[in-house]
Amino acid sequence: MLPIVGVPATIHQGLAPYRDVFCRAEGFEHVERYVTGLILSPNKTLQGIYDAQVWPGGAQPSRRAMHAAVFEAGWDSDRLLPRHRALVAPEHQGRGREVLSLDWTYAHHERGPHIWGVKKRWDHVEGRMARYQTVVTAVIANRTLIDGLEGVVQPPALHEEEEAYLCATAKDSYEQMEAGRERLLELLHHLLHRRGYQKRTEVALEVVTQLEQEGHFPAAHYAFDNGLLTLELTRFIEGRGKHWVSELESSRHIQWQGQGRRVDAVAAALRHRHPESFRPVRVRCRNGDTKQYWAFTKVVRLKRYGRKRLVIAHEHAELTDTPRFFLTDAQHWESGRVLETWSYRWASEIFHEFGKQVTGLEAAQVRKEEAVTRHFRLSCVAQSLLQRAPTSPSTSERFAFAQGVITVGQKVRAIAREALEGLLQLAASLLARGHKCEQILEMLMPV
C-alpha cells in the first residue's frame, strides 16, 4: 500500500455536499481520509487506514486524533444518511423501475468479542458457530445503480445470559436493605433490556418508516425475503400506497379449494395433475439478462394477510426443479412483473458483498455503539462515491475481460491513480527544494 498524502479529488468532491454535517475543517479532513482508506486501504480498520496516511508540510496528527474526529467528535451522525438519501434520490427517479430491497447480513468479527453488537451464535450461512453482528440493510436499485440507504446493527440480545445470572444468584430472602435494593435494580435492568430489544423485523419496520417519512423514493416498491415478512411491515407499506413482493415459505398455509393447505403441497398437486397451468414467462432481470420461468399465479387468501397474489415459479420446463413461491399485495400484477420486481431484491446481496470486500463494511474494530454506527454509515457513503467515480473503459490488457464495461476494479484504480498522483507531486516538490531521497523516504514511510 502506497502512502496517501492527501484526499483524492473524487473523494473530496463527492463529500463536499456532506460538509455541513461535520464540525471543524481539521476533523472533516480526517473523515475524508478515513473514507479514502475504506476504499483504497487493504486493512480497513482505523489503525490500517491511519498507517497509510502522510500529512505533508507539518506535524502528523496522532492516530488518536483521527479516532476522535471520526468516531467521537460532535458531528451528528443521524444527519449523514438522510443527507445521503436526498443526494442519491434524483439519480434513481425517472430512470425506469426502482425497487427498495430490505435484507440483513452477518458482519463477522471472530477476534472482536467486545465490539458492540457482536454475539456468538449459529451462522446458518456458513453452518458453524461464529461471532457476528446482525445488520439490517435497505438498498435502492435501478438498472444501473445500487445505493445503500441504511445499515442498522441489531442490538445484542442478552436475555439468556441475564436470566442465567439472576437464577444463579437468587436468594430466598434478603436480610439487608442494600442487598434487596441491588437485587431489585438488577431485575429492573433485566426488564428494561427485554423491553428495549428489537427483533430484526422490528428494525426493518423502523427503517421503512424513516424512508417513507422522508419521501425521497415515491415510486419505489419493496422486495424482501420471508425472513422479514410480517403483517406490521406489509400493512405499513400498503398504507403508504406502495406494493411489496416477498418470497414465501414452502410450509405456509393458504386457502385452497375451501381448506387450508401447505403451499408446497398445492404446487405438487398442480405439477402432477395440471402441468399446463404453468405458463412460460420471460423476465428481464435487473442486470438486463432475460430469464425463462414457468409460472402459475392466482389470488389466494392467507390467514391474517387476506387476499394476496401467489406466484409459483419453476426454472425448468419439465417442472422437475424445486419451485419457488412469491407473494405480493399487488393483485393486478401479472407473474412476469412480480418476478421482475423480485430480481431487484438481489441488489442487497450485491451491496453486502461490495461493502464487505471493497468499503470495509465488516472491518470496524470499535467497541461503542455510536462508533459502530458511524462506521457503517460512512461505509454506505463510500460505496456510493465509488460507484460514481469518473473513469473511462480501460484499454489495459488486465481489464480486457470487461469488454469495454467499466468495472468496480477500474473505479478503485482510478481513485488510486489520483492518490498516486498526489504522492508523485509531493515527491517532486520535495526533490525540487533539495531534499534527499532518504529524507523523503523517511517522511513517506518512516521506519
# chains A, B, ... in the order shown; residues from 1 in each chain; ligands from 1
call {"tool": "select_by_dssp", "arguments": {"residues": "segment 13-184 of chain A", "states": "helix (DSSP H, G or I)", "output": "PyMOL selection string"}}
result
chain A and resi 13-21+25-40+46-51+63-72+77-91+159-168+177-184
call {"tool": "select_by_dssp", "arguments": {"residues": "segment 290-367 of chain A", "states": "strand (DSSP E or B)", "output": "PyMOL selection string"}}
result
chain A and resi 290-302+306-314+324-328
call {"tool": "residues_around", "arguments": {"residues": "Gln383 of chain A", "least_positions_apart": "6", "cutoff": "12 Å", "atoms": "only C-alpha atoms", "output": "PyMOL selection string"}}
result
chain A and resi 11+14+35-36+38-40+84+88+139+145-150+350-361+376-377+389+408+411-412
call {"tool": "write_last_selection", "arguments": {"atoms": "N, CA and C atoms", "output": "CSV table (one decimal), in the first residue's frame"}}
result
chain,number,residue,atom,x,y,z
A,11,ILE,N,-12.9,11.8,-4.0
A,11,ILE,CA,-13.5,11.7,-2.7
A,11,ILE,C,-13.8,13.1,-2.1
A,14,GLY,N,-16.9,14.4,-3.9
A,14,GLY,CA,-18.0,13.6,-3.5
A,14,GLY,C,-18.5,13.9,-2.1
A,35,VAL,N,-12.6,7.8,4.8
A,35,VAL,CA,-13.4,7.3,3.6
A,35,VAL,C,-12.4,6.8,2.5
A,36,THR,N,-11.4,7.6,2.3
A,36,THR,CA,-10.4,7.2,1.3
A,36,THR,C,-9.8,5.9,1.6
A,38,LEU,N,-11.2,3.5,3.4
A,38,LEU,CA,-12.2,2.5,3.3
A,38,LEU,C,-12.2,1.9,1.9
A,39,ILE,N,-11.8,2.8,0.9
A,39,ILE,CA,-11.8,2.3,-0.5
A,39,ILE,C,-10.4,1.8,-0.9
A,40,LEU,N,-9.4,2.4,-0.5
A,40,LEU,CA,-8.0,2.1,-1.0
A,40,LEU,C,-7.2,1.2,-0.1
A,84,HIS,N,-27.5,11.7,2.6
A,84,HIS,CA,-27.1,10.8,1.6
A,84,HIS,C,-28.2,10.4,0.7
A,88,VAL,N,-28.7,11.0,-3.4
A,88,VAL,CA,-28.8,9.9,-4.4
A,88,VAL,C,-30.1,9.7,-5.1
A,139,VAL,N,-31.6,-1.0,0.5
A,139,VAL,CA,-30.9,-0.6,-0.7
A,139,VAL,C,-31.9,-0.2,-1.7
A,145,LEU,N,-27.7,1.6,-11.0
A,145,LEU,CA,-27.2,2.0,-9.7
A,145,LEU,C,-27.7,1.2,-8.6
A,146,ILE,N,-26.9,0.9,-7.6
A,146,ILE,CA,-27.2,0.3,-6.3
A,146,ILE,C,-26.7,1.2,-5.2
A,147,ASP,N,-27.5,1.7,-4.4
A,147,ASP,CA,-27.1,2.6,-3.3
A,147,ASP,C,-27.6,2.1,-2.0
A,148,GLY,N,-26.7,1.9,-1.0
A,148,GLY,CA,-27.1,1.6,0.3
A,148,GLY,C,-27.7,2.8,1.0
A,149,LEU,N,-28.9,2.6,1.6
A,149,LEU,CA,-29.6,3.7,2.2
A,149,LEU,C,-29.5,3.7,3.7
A,150,GLU,N,-29.4,2.5,4.3
A,150,GLU,CA,-29.3,2.4,5.7
A,150,GLU,C,-28.7,1.0,6.1
A,350,ILE,N,-25.7,-7.9,-3.5
A,350,ILE,CA,-24.5,-7.2,-4.2
A,350,ILE,C,-24.0,-6.1,-3.3
A,351,PHE,N,-24.9,-5.4,-2.7
A,351,PHE,CA,-24.4,-4.3,-1.8
A,351,PHE,C,-23.6,-4.9,-0.6
A,352,HIS,N,-24.1,-6.0,0.0
A,352,HIS,CA,-23.4,-6.6,1.1
A,352,HIS,C,-22.0,-7.1,0.7
A,353,GLU,N,-21.9,-7.8,-0.5
A,353,GLU,CA,-20.6,-8.3,-1.0
A,353,GLU,C,-19.7,-7.1,-1.3
A,354,PHE,N,-20.2,-6.1,-2.0
A,354,PHE,CA,-19.5,-4.9,-2.3
A,354,PHE,C,-18.9,-4.2,-1.1
A,355,GLY,N,-19.8,-4.0,-0.1
A,355,GLY,CA,-19.4,-3.4,1.2
A,355,GLY,C,-18.3,-4.1,1.9
A,356,LYS,N,-18.5,-5.4,2.0
A,356,LYS,CA,-17.5,-6.2,2.8
A,356,LYS,C,-16.2,-6.3,2.1
A,357,GLN,N,-16.2,-6.5,0.8
A,357,GLN,CA,-14.9,-6.7,0.1
A,357,GLN,C,-14.2,-5.4,-0.3
A,358,VAL,N,-15.0,-4.3,-0.5
A,358,VAL,CA,-14.4,-3.1,-1.1
A,358,VAL,C,-14.4,-1.9,-0.1
A,359,THR,N,-15.5,-1.7,0.7
A,359,THR,CA,-15.6,-0.5,1.5
A,359,THR,C,-15.6,-0.8,3.0
A,360,GLY,N,-15.1,-2.0,3.4
A,360,GLY,CA,-14.9,-2.3,4.8
A,360,GLY,C,-16.1,-2.4,5.7
A,361,LEU,N,-17.2,-2.9,5.2
A,361,LEU,CA,-18.4,-3.0,5.9
A,361,LEU,C,-18.3,-3.7,7.2
A,376,PHE,N,-20.6,2.1,9.8
A,376,PHE,CA,-21.5,1.6,8.8
A,376,PHE,C,-22.0,2.7,7.9
A,377,ARG,N,-22.3,3.8,8.5
A,377,ARG,CA,-22.9,4.9,7.7
A,377,ARG,C,-21.8,5.5,6.7
A,389,ALA,N,-17.4,7.3,-9.3
A,389,ALA,CA,-16.1,7.7,-9.7
A,389,ALA,C,-15.9,7.9,-11.2
A,408,VAL,N,-15.9,-2.3,-11.1
A,408,VAL,CA,-15.6,-1.7,-9.8
A,408,VAL,C,-14.1,-1.6,-9.7
A,411,LYS,N,-12.8,1.5,-11.2
A,411,LYS,CA,-13.1,2.7,-10.4
A,411,LYS,C,-12.2,2.9,-9.2
A,412,VAL,N,-11.9,1.7,-8.5
A,412,VAL,CA,-10.9,1.8,-7.5
A,412,VAL,C,-9.6,2.2,-8.0
call {"tool": "residues_around", "arguments": {"residues": "Ala219 of chain A", "least_positions_apart": "4", "cutoff": "9 Å", "atoms": "only C-alpha atoms", "output": "MDAnalysis selection string"}}
result
chainID A and resid 93 97:99 242
call {"tool": "residues_around", "arguments": {"residues": "Met443 of chain A", "least_positions_apart": "4", "cutoff": "12 Å", "atoms": "only C-alpha atoms", "output": "PyMOL selection string"}}
result
chain A and resi 3-5+52-60+423+426-427+430+435-439+447
call {"tool": "closest_residue", "arguments": {"among": "A:Gly422, A:Leu319, A:Glu175, A:Ser335", "to": "His274 of chain A", "atoms": "only C-alpha atoms"}}
result
A:Leu319
call {"tool": "residues_around", "arguments": {"residues": "segment 298-308 of chain A", "least_positions_apart": "2", "cutoff": "9 Å", "atoms": "only C-alpha atoms", "output": "count of residues only"}}
result
18
call {"tool": "closest_residue", "arguments": {"among": "A:Arg143, A:Arg271, A:Thr45, A:Glu202", "to": "Arg284 of chain A", "atoms": "only C-alpha atoms"}}
result
A:Arg143
call {"tool": "residues_around", "arguments": {"residues": "Glu318 of chain A", "least_positions_apart": "3", "cutoff": "12 Å", "atoms": "only C-alpha atoms", "output": "list in words"}}
result
Arg271, His272, Pro275, Glu276, Phe278, Arg279, Pro280, Tyr293, Trp294, His314, Glu315, Asp321, Thr322 and Pro323 of chain A
call {"tool": "write_last_selection", "arguments": {"atoms": "C-alpha atoms", "output": "PDB file, in the first residue's frame"}}
result
ATOM      1  CA  ARG A 271     -47.419 -30.117 -11.148  1.00  0.00           C
ATOM      2  CA  HIS A 272     -48.783 -33.668 -11.338  1.00  0.00           C
ATOM      3  CA  PRO A 275     -48.838 -29.100 -15.564  1.00  0.00           C
ATOM      4  CA  GLU A 276     -50.375 -26.996 -18.324  1.00  0.00           C
ATOM      5  CA  PHE A 278     -47.581 -23.347 -15.546  1.00  0.00           C
ATOM      6  CA  ARG A 279     -47.192 -20.835 -18.361  1.00  0.00           C
ATOM      7  CA  PRO A 280     -43.832 -19.803 -19.856  1.00  0.00           C
ATOM      8  CA  TYR A 293     -39.664 -19.224 -15.943  1.00  0.00           C
ATOM      9  CA  TRP A 294     -42.700 -21.451 -15.933  1.00  0.00           C
ATOM     10  CA  HIS A 314     -40.126 -23.228 -11.912  1.00  0.00           C
ATOM     11  CA  GLU A 315     -36.946 -22.695 -13.902  1.00  0.00           C
ATOM     12  CA  ASP A 321     -36.782 -28.436 -10.070  1.00  0.00           C
ATOM     13  CA  THR A 322     -37.877 -27.238  -6.644  1.00  0.00           C
ATOM     14  CA  PRO A 323     -40.435 -24.458  -7.086  1.00  0.00           C
TER      15      PRO A 323
END
call {"tool": "closest_residue", "arguments": {"among": "A:Asp51, A:Glu110, A:Asp264, A:Asp103", "to": "Arg33 of chain A", "atoms": "only C-alpha atoms"}}
result
A:Asp51
call {"tool": "closest_residue", "arguments": {"among": "A:Gln154, A:Thr169, A:Thr137, A:Asn43", "to": "Glu369 of chain A", "atoms": "only C-alpha atoms"}}
result
A:Gln154
call {"tool": "closest_residue", "arguments": {"among": "A:Val245, A:Ala371, A:Ala419, A:Ala364", "to": "Glu340 of chain A", "atoms": "only C-alpha atoms"}}
result
A:Val245
